[in-house]
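Have a look at my_file.cif; it's mmCIF, C-alpha atoms and all ligand atoms:
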```cif
data_work
loop_
_atom_site.label_atom_id
_atom_site.label_comp_id
_atom_site.auth_asym_id
_atom_site.auth_seq_id
_atom_site.Cartn_x
_atom_site.Cartn_y
_atom_site.Cartn_z
CA MET A 749 90.70 102.42 129.58
CA SER A 750 90.11 98.71 129.23
CA HIS A 751 87.11 96.64 128.15
CA GLN A 752 85.80 93.45 129.65
CA VAL A 753 85.48 90.56 127.22
CA THR A 754 83.61 87.32 127.87
CA ILE A 755 84.38 84.24 125.80
CA GLN A 756 81.52 81.85 125.07
CA PRO A 757 80.93 78.98 125.58
CA SER A 758 83.73 78.74 128.19
CA GLY A 759 82.54 81.82 130.14
CA HIS A 760 86.13 83.03 130.60
CA VAL A 761 86.29 86.76 131.27
CA TYR A 762 89.36 88.92 130.63
CA SER A 763 90.29 92.53 130.29
CA VAL A 764 91.47 94.11 127.02
CA PRO A 765 93.49 97.34 127.38
CA ASP A 766 92.83 100.22 124.99
CA GLN A 767 94.30 99.62 121.50
CA GLU A 768 95.00 95.95 122.29
CA THR A 769 93.50 93.15 120.17
CA PHE A 770 91.16 90.47 121.51
CA LEU A 771 93.88 87.90 120.86
CA GLY A 772 96.84 89.83 122.31
CA ALA A 773 95.02 90.43 125.58
CA ALA A 774 93.78 86.82 125.71
CA ILE A 775 97.37 85.55 125.39
CA ASP A 776 98.48 87.95 128.14
CA ALA A 777 95.65 86.63 130.31
CA GLY A 778 96.77 83.02 129.72
CA LEU A 779 93.73 82.15 127.58
CA ASN A 780 94.31 80.04 124.50
CA ILE A 781 92.30 81.34 121.56
CA PRO A 782 93.55 79.56 118.42
CA TYR A 783 95.68 81.62 116.02
CA GLY A 784 98.27 81.34 113.27
CA CYS A 785 99.88 84.31 111.50
CA ARG A 786 98.72 87.05 113.95
CA ASN A 787 98.72 89.19 110.89
CA GLY A 788 95.19 89.08 109.45
CA ALA A 789 96.21 86.66 106.71
CA CYS A 790 95.35 83.07 107.64
CA GLY A 791 91.92 83.20 109.30
CA ALA A 792 92.90 80.82 112.11
CA CYS A 793 91.71 83.25 114.80
CA LYS A 794 88.25 83.80 113.30
CA GLY A 795 85.35 83.90 115.75
CA LYS A 796 81.99 85.51 116.32
CA VAL A 797 81.24 88.79 118.07
CA LEU A 798 77.98 88.15 119.95
CA SER A 799 77.70 91.64 121.44
CA GLY A 800 79.70 94.85 121.72
CA GLU A 801 81.32 97.23 119.24
CA VAL A 802 84.48 96.28 117.44
CA ASP A 803 87.24 97.91 115.40
CA TYR A 804 88.03 95.21 112.81
CA GLY A 805 91.60 96.46 112.20
CA ASP A 806 93.71 95.75 109.09
CA TYR A 807 93.33 92.32 107.56
CA GLN A 808 93.31 90.59 104.18
CA ALA A 809 89.98 90.12 102.41
CA THR A 810 90.87 86.47 101.77
CA ALA A 811 90.94 85.84 105.53
CA LEU A 812 87.59 87.50 106.30
CA SER A 813 84.98 88.14 103.61
CA ASP A 814 82.42 90.94 103.79
CA ALA A 815 79.67 88.32 104.11
CA GLU A 816 81.44 86.80 107.12
CA LYS A 817 81.86 90.24 108.65
CA GLU A 818 78.15 90.93 108.19
CA ALA A 819 77.42 87.59 109.84
CA GLY A 820 79.26 88.88 112.92
CA LEU A 821 82.63 87.19 112.42
CA ALA A 822 85.94 88.92 113.17
CA LEU A 823 89.64 88.10 113.17
CA PHE A 824 90.65 88.32 116.80
CA CYS A 825 94.33 88.93 115.99
CA CYS A 826 93.39 92.29 114.38
CA ALA A 827 90.05 93.22 115.95
CA LYS A 828 89.91 95.45 119.04
CA PRO A 829 86.91 95.91 121.31
CA LEU A 830 85.53 99.46 121.52
CA THR A 831 83.10 98.50 124.33
CA ASP A 832 82.66 95.54 126.65
CA ALA A 833 82.02 92.54 124.42
CA VAL A 834 80.97 88.90 124.31
CA ILE A 835 82.73 86.74 121.73
CA GLU A 836 82.28 83.14 120.68
CA CYS A 837 85.29 81.01 119.83
CA ARG A 838 86.92 77.71 120.55
CA GLU A 839 89.72 77.62 123.12
CA VAL A 840 92.57 75.14 122.74
CA PHE A 841 93.49 72.81 125.60
CA ALA A 842 95.79 73.98 128.35
CA LEU A 843 99.36 74.58 127.24
CA ASN A 844 102.49 73.35 128.92
CA GLY A 845 103.03 76.21 131.35
CA ILE A 846 106.18 77.48 129.58
CA LYS A 847 105.72 81.22 129.30
CA PRO A 848 106.71 82.91 126.03
CA ARG A 849 109.53 85.45 126.42
CA ILE A 850 110.73 88.28 124.19
CA MET A 851 114.47 88.17 123.55
CA PRO A 852 117.11 89.21 121.02
CA ALA A 853 118.87 86.56 118.96
CA ARG A 854 121.99 86.72 116.79
CA VAL A 855 122.02 84.99 113.43
CA GLN A 856 124.89 82.56 113.94
CA MET A 857 124.70 80.76 110.61
CA MET A 858 122.62 80.84 107.43
CA GLU A 859 122.51 77.75 105.22
CA LYS A 860 120.73 77.87 101.88
CA ARG A 861 119.20 74.41 101.48
CA SER A 862 117.57 75.11 98.12
CA HIS A 863 116.70 78.16 96.02
CA ASP A 864 113.79 78.95 98.36
CA VAL A 865 114.62 77.27 101.68
CA MET A 866 117.01 78.80 104.20
CA ALA A 867 118.08 77.18 107.47
CA LEU A 868 118.77 79.77 110.17
CA PHE A 869 120.71 79.04 113.33
CA LEU A 870 120.07 81.62 116.04
CA LYS A 871 122.12 82.21 119.16
CA LEU A 872 120.41 83.63 122.23
CA PRO A 873 122.29 85.95 124.61
CA SER A 874 124.90 84.11 126.67
CA ASN A 875 123.48 81.87 129.37
CA GLU A 876 120.02 82.13 127.87
CA ARG A 877 118.25 79.04 126.62
CA MET A 878 114.70 78.84 125.33
CA GLN A 879 112.70 76.12 127.00
CA PHE A 880 110.21 74.67 124.54
CA LEU A 881 108.48 71.49 123.51
CA ALA A 882 109.04 69.70 120.24
CA GLY A 883 106.60 71.12 117.69
CA GLN A 884 106.35 74.66 119.03
CA TYR A 885 107.26 77.84 117.15
CA ILE A 886 108.62 81.35 117.66
CA GLU A 887 107.58 84.71 116.26
CA PHE A 888 109.96 87.34 114.93
CA ILE A 889 108.92 90.86 115.91
CA LEU A 890 109.56 93.20 112.99
CA LYS A 891 110.43 96.90 113.28
CA ASP A 892 106.77 97.92 112.77
CA GLY A 893 105.68 95.50 115.51
CA LYS A 894 104.26 92.96 113.05
CA ARG A 895 105.09 89.34 113.63
CA ARG A 896 106.17 86.37 111.52
CA ALA A 897 105.87 82.81 112.84
CA PHE A 898 108.38 80.00 112.20
CA SER A 899 108.53 76.50 113.65
CA LEU A 900 111.51 75.40 115.71
CA ALA A 901 113.38 72.69 113.83
CA ASN A 902 115.89 71.72 116.53
CA ALA A 903 115.00 69.25 119.25
CA PRO A 904 114.53 70.80 122.73
CA HIS A 905 117.49 68.85 124.18
CA ASN A 906 119.76 70.25 121.47
CA ASP A 907 119.32 73.90 122.31
CA GLU A 908 122.66 75.60 121.75
CA PHE A 909 121.12 77.23 118.68
CA LEU A 910 117.52 77.72 117.64
CA GLU A 911 117.18 76.20 114.19
CA LEU A 912 114.51 77.40 111.76
CA HIS A 913 113.76 76.48 108.15
CA LEU A 914 112.37 79.43 106.22
CA ARG A 915 110.67 79.15 102.86
CA LEU A 916 110.90 82.25 100.68
CA VAL A 917 107.47 83.85 100.17
CA PRO A 918 107.72 85.86 96.94
CA GLY A 919 107.05 89.50 97.88
CA GLY A 920 107.08 88.60 101.57
CA THR A 921 108.48 91.35 103.79
CA PHE A 922 110.47 89.18 106.18
CA THR A 923 111.53 86.21 104.06
CA GLU A 924 112.65 88.47 101.19
CA TYR A 925 114.76 90.39 103.74
CA VAL A 926 116.29 87.15 105.01
CA PHE A 927 117.14 85.86 101.54
CA LYS A 928 118.30 89.13 99.97
CA GLU A 929 119.70 91.38 102.69
CA MET A 930 120.27 89.69 106.01
CA GLN A 931 123.80 88.65 106.89
CA GLU A 932 125.21 86.40 109.56
CA LYS A 933 125.57 88.21 112.93
CA ALA A 934 122.36 90.19 112.32
CA ILE A 935 120.31 90.71 115.49
CA LEU A 936 116.63 89.77 115.39
CA ARG A 937 113.95 90.16 118.03
CA LEU A 938 111.75 87.20 118.74
CA GLU A 939 109.16 85.89 121.15
CA GLY A 940 108.43 82.28 121.99
CA PRO A 941 107.76 79.52 122.40
CA PHE A 942 104.18 79.38 121.16
CA GLY A 943 101.89 76.66 119.93
CA SER A 944 99.76 73.82 121.16
CA PHE A 945 100.96 71.26 118.59
CA TYR A 946 103.71 69.64 120.61
CA LEU A 947 104.83 66.24 121.72
CA LEU A 948 102.41 64.74 124.22
CA GLU A 949 102.65 61.01 124.19
CA ALA A 950 103.19 58.23 121.72
CA PHE A 951 99.77 57.65 120.25
CA ILE A 952 98.59 61.24 120.30
CA PHE A 953 101.79 62.17 118.51
CA VAL A 954 101.41 59.59 115.76
CA LYS A 955 97.77 60.55 115.20
CA THR A 956 98.46 64.28 115.21
CA ALA A 957 101.63 64.17 113.12
CA ILE A 958 100.01 62.11 110.40
CA SER A 959 96.88 64.23 110.27
CA ARG A 960 98.86 67.48 110.31
CA LEU A 961 101.27 66.15 107.73
CA PHE A 962 98.54 66.24 105.14
CA LEU A 963 96.84 69.43 106.30
CA LEU A 964 99.65 71.91 106.83
CA PRO A 965 101.98 73.49 104.25
CA ALA A 966 105.44 71.93 104.02
CA GLY A 967 107.31 74.85 105.58
CA ARG A 968 105.33 74.33 108.75
CA VAL A 969 105.14 70.53 108.83
CA LEU A 970 108.70 69.52 108.13
CA PRO A 971 110.50 71.34 110.93
CA ARG A 972 107.81 70.26 113.38
CA LEU A 973 107.91 66.67 112.24
CA LYS A 974 111.69 66.54 112.36
CA ASP A 975 111.65 68.04 115.81
CA CYS A 976 108.97 65.75 117.17
CA LEU A 977 110.50 62.66 115.61
CA SER A 978 113.89 63.46 117.06
CA THR A 979 112.61 63.81 120.61
CA PHE A 980 110.33 60.88 120.07
CA PHE A 981 113.06 58.46 118.98
CA ILE A 982 115.24 59.41 121.89
CA ASN A 983 112.50 59.09 124.45
CA THR A 984 111.13 55.66 123.87
CA GLN A 985 111.58 52.50 121.91
CA LEU A 986 107.82 52.09 121.72
CA ALA A 987 107.70 55.37 119.86
CA LYS A 988 110.10 53.99 117.27
CA TRP A 989 107.88 50.98 116.61
CA CYS A 990 104.84 53.26 116.30
CA CYS A 991 106.62 55.53 113.81
CA ILE A 992 107.85 52.62 111.72
CA GLY A 993 104.32 51.19 111.69
CA ALA A 994 102.87 54.54 110.70
CA LEU A 995 105.49 55.11 108.00
CA LYS A 996 104.85 51.64 106.57
CA LEU A 997 101.14 52.33 106.59
CA TRP A 998 101.56 55.69 104.92
CA LYS A 999 104.56 54.78 102.79
CA THR A 1000 102.96 55.53 99.45
CA SER A 1001 101.51 58.86 100.50
CA ILE A 1002 104.71 59.95 102.23
CA CYS A 1003 106.81 58.99 99.19
CA GLN A 1004 104.50 60.95 96.91
CA LEU A 1005 104.64 63.93 99.25
CA CYS A 1006 108.44 63.80 99.46
CA ARG A 1007 108.72 63.56 95.67
CA ARG A 1008 106.49 66.60 95.34
CA LEU A 1009 108.53 68.56 97.81
CA GLY A 1010 111.67 67.54 95.94
CA GLN A 1011 114.83 68.76 97.54
CA ALA A 1012 113.14 71.14 99.95
CA CYS A 1013 115.39 70.07 102.81
CA THR A 1014 117.51 67.22 103.98
CA LEU A 1015 114.75 65.90 106.18
CA THR A 1016 112.55 65.32 103.13
CA LEU A 1017 115.30 63.39 101.43
CA ASN A 1018 116.04 61.35 104.53
CA LEU A 1019 112.37 60.59 105.00
CA PHE A 1020 112.08 59.60 101.36
CA GLN A 1021 115.10 57.28 101.57
CA TYR A 1022 113.85 55.83 104.83
CA CYS A 1023 110.43 55.07 103.37
CA GLN A 1024 112.03 53.43 100.37
CA SER A 1025 114.06 51.19 102.64
CA LEU A 1026 111.06 49.94 104.65
C1 LIG B 1 102.54 78.71 113.47
C2 LIG B 1 103.25 78.96 112.18
C3 LIG B 1 104.44 78.33 111.93
C4 LIG B 1 105.10 78.55 110.72
N1 LIG B 1 106.29 77.92 110.49
C5 LIG B 1 106.94 78.15 109.34
C6 LIG B 1 108.21 77.52 109.07
O1 LIG B 1 108.76 76.78 109.89
N2 LIG B 1 108.81 77.80 107.91
C7 LIG B 1 108.24 78.64 106.96
O2 LIG B 1 108.86 78.84 105.91
N3 LIG B 1 107.06 79.24 107.20
C8 LIG B 1 106.39 79.02 108.35
N4 LIG B 1 105.20 79.64 108.58
C9 LIG B 1 104.66 80.56 107.59
C10 LIG B 1 105.37 81.90 107.78
O3 LIG B 1 104.97 82.51 108.99
C11 LIG B 1 105.03 82.84 106.65
O4 LIG B 1 105.45 82.26 105.45
C12 LIG B 1 105.78 84.13 106.89
O5 LIG B 1 105.07 84.86 107.84
C13 LIG B 1 105.94 84.92 105.65
O6 LIG B 1 106.48 86.17 106.04
P1 LIG B 1 106.82 87.28 105.00
O7 LIG B 1 106.99 88.55 105.75
O8 LIG B 1 107.95 86.85 104.15
O9 LIG B 1 105.53 87.33 104.08
P2 LIG B 1 104.30 88.36 104.26
O10 LIG B 1 104.74 89.70 103.84
O11 LIG B 1 103.73 88.23 105.62
O12 LIG B 1 103.23 87.72 103.29
C14 LIG B 1 103.39 87.57 101.90
C15 LIG B 1 102.11 86.90 101.38
O13 LIG B 1 101.93 85.61 102.02
C16 LIG B 1 100.67 85.53 102.71
N5 LIG B 1 100.83 84.88 104.04
C17 LIG B 1 101.80 85.13 104.94
N6 LIG B 1 101.67 84.33 106.02
C18 LIG B 1 100.57 83.57 105.80
C19 LIG B 1 99.91 82.55 106.53
N7 LIG B 1 100.37 82.13 107.73
N8 LIG B 1 98.81 81.99 105.99
C20 LIG B 1 98.37 82.38 104.79
N9 LIG B 1 98.96 83.32 104.04
C21 LIG B 1 100.05 83.92 104.52
C22 LIG B 1 100.24 86.96 102.90
O14 LIG B 1 98.84 87.02 102.85
C23 LIG B 1 100.85 87.71 101.72
O15 LIG B 1 100.01 87.66 100.61
C24 LIG B 1 104.53 79.42 109.76
C25 LIG B 1 103.31 80.06 110.03
C26 LIG B 1 102.69 79.83 111.21
C27 LIG B 1 101.37 80.51 111.48
S1 LIG B 2 95.93 84.59 113.29
FE1 LIG B 2 95.98 84.60 111.12
S2 LIG B 2 94.31 85.91 110.68
FE2 LIG B 2 94.42 86.01 112.80
#
```
Structure re-expressed in C-alpha cells:
Amino acid sequence: MSHQVTIQPSGHVYSVPDQETFLGAAIDAGLNIPYGCRNGACGACKGKVLSGEVDYGDYQATALSDAEKEAGLALFCCAKPLTDAVIECREVFALNGIKPRIMPARVQMMEKRSHDVMALFLKLPSNERMQFLAGQYIEFILKDGKRRAFSLANAPHNDEFLELHLRLVPGGTFTEYVFKEMQEKAILRLEGPFGSFYLLEAFIFVKTAISRLFLLPAGRVLPRLKDCLSTFFINTQLAKWCCIGALKLWKTSICQLCRRLGQACTLTLNLFQYCQSL
C-alpha cells in the first residue's frame, strides 16, 4: 500500500510505497528534496510534517532534537509516512537530467595520501562509464542497505576510473573498513551520480565554490573543488581569469585554510603553492 504525499509550497504530489522513506520515494519520483548523509546524521533533509502520521525511523539525536520533533519537524531520509501526508520543505533547482544508476565497482588502486586520507580509484564493469558533472558525488551501498556519500574527485572527461578521497572517520563503519580491511580488487556497490552542486557556468561556479569552500568540511570540498577547477580550466580561458582573480582576492583565507589542512592531499599543497606564487 502506498501513501500520497504533497510537498508545500511547491504543491508537488508523489506516492510513497509502504516502508519507503519520504526522501527515497521523492528521489524515485524525480523530486529534489535536499539531503546529505541519507543516514539520519547530518540534518540536511529536515522539514516539517504539516499533516499525516509519520514513523520517524532511526536517526541521531544531534540531527533532530526532541523539541524539533515536537514542533513537527522530521528527517525525511529516515521518516516514513503511515498515512497520506503534507510536508513542507525546500526543493532544489532542477538537476541535469543524468539519472543515478546502481552498479558494482572494483577497487583498482588504493593510495594512502596521509594517515587519515585515502584516495580510491574504482573501475566500473567493462564498457561502463558513469556520466556525471564536476562536483557531484556517489553513494556506496553497504551490506545492510545503508549508504555512505563521497564526492567524485576525477574530472568527468577523465573517466577511466572514479577517483574518491576518503577521510577516516574514527569509529566509522565504512571508512574504518576501507582503511583497515579493504584490499585492492574488492568489489563495492555504488549508486550515482547525485548532487546539485555542480559546474554551471563561470560566475555561478566562482560564487558557489568560494562560499562552499568555507562552509563544507574539507573531505567534501577538496575533491569537488579539484574536480570543478579541472573542468573549468579546460573549458574556458575566461574561467581561468575568474579563478585567478578569486584566488588573489581570497589568498590569505585560502592560505590559512591550506595550512590548517596541512598535508591532507596533494590538491591542498598545490593550491597552497599556487596561492603563494600569485
Ligand atoms: C554529499 C556528501 C559528500 C561527501 N563527500 C566526502 C568525501 O569526498 N570525502 C570524505 O572523506 N567524506 C565525504 N563525505 C562524508 C562521508 O559521507 C562520511 O564521512 C562517511 O559517511 C563516513 O562513513 P563511516 O561509515 O565511516 O562513518 P559512520 O559510521 O557513518 O559515522 C561515524 C560518525 O560520523 C558521523 N557522520 C557520518 N556522516 C556524517 C555527515 N554526513 N554529517 C555529520 N556527521 C556524520 C556519524 O554521526 C557518526 O557519529 C561526504 C558526505 C556527503 C553527505
Ligand atoms: S540526509 Fe542527513 S539526516 Fe537526512
Return as an MDAnalysis selection string every polymer residue, whether protein, DNA or RNA, with at least one atom no more than 12 Å from an atom of ligand LIG 2 (chain B); count only C-alpha atoms and all ligand atoms. chainID A and resid 769:772 781:795 804:813 821:827 894:897 943
Name the closest residue to ligand LIG 1 (chain B) among the candidates A:Ala882, A:Ala773, A:Ile889, A:Val865; distances are taken between atoms, counting only C-alpha atoms and all ligand atoms. A:Val865
Students should find that atom CA of A:Ala934 and atom CA of A:Pro918 are spaced 21.7 Å
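Take atom CA of A:Asp803 and atom C8 of ligand LIG 1 (chain B): the distance between them is 27.8 Å.
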Polymer residues at most 6 Å from A:Glu932, all atoms listed in the file, same-chain spacing of 5 or more positions, as a ChimeraX atom specification: /A:855-857
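All residues, whether protein, DNA or RNA, that have an atom at most 6 Å from ligand LIG 1 (chain B) (counting all atoms listed in the file) are A:Gly784, A:Cys785, A:Ala789, A:Cys790, A:Tyr885, A:Arg896, A:Ala897, A:Phe898, A:Ser899, A:His913, A:Leu914, A:Arg915, A:Val917, A:Gly919, A:Gly920, A:Thr921, A:Phe922, A:Thr923, A:Glu924, A:Gly967, A:Arg968, A:Pro971.
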Within 8 Å of stretch 936-941 of chain A, counting only C-alpha atoms, which residues qualify if same-chain residues fewer than 6 places away don't, as an MDAnalysis selection string? chainID A and resid 846:855 878:880 884:890
Measure the distance from atom CA of A:Cys837 to atom CA of A:Glu818 in Å and round it to one decimal. 16.9 Å
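Closest approach to A:Val834 from the set A:Ser750, A:Ser874, A:Gln756, A:Ser763 is made by A:Gln756, with distances taken over only C-alpha atoms.
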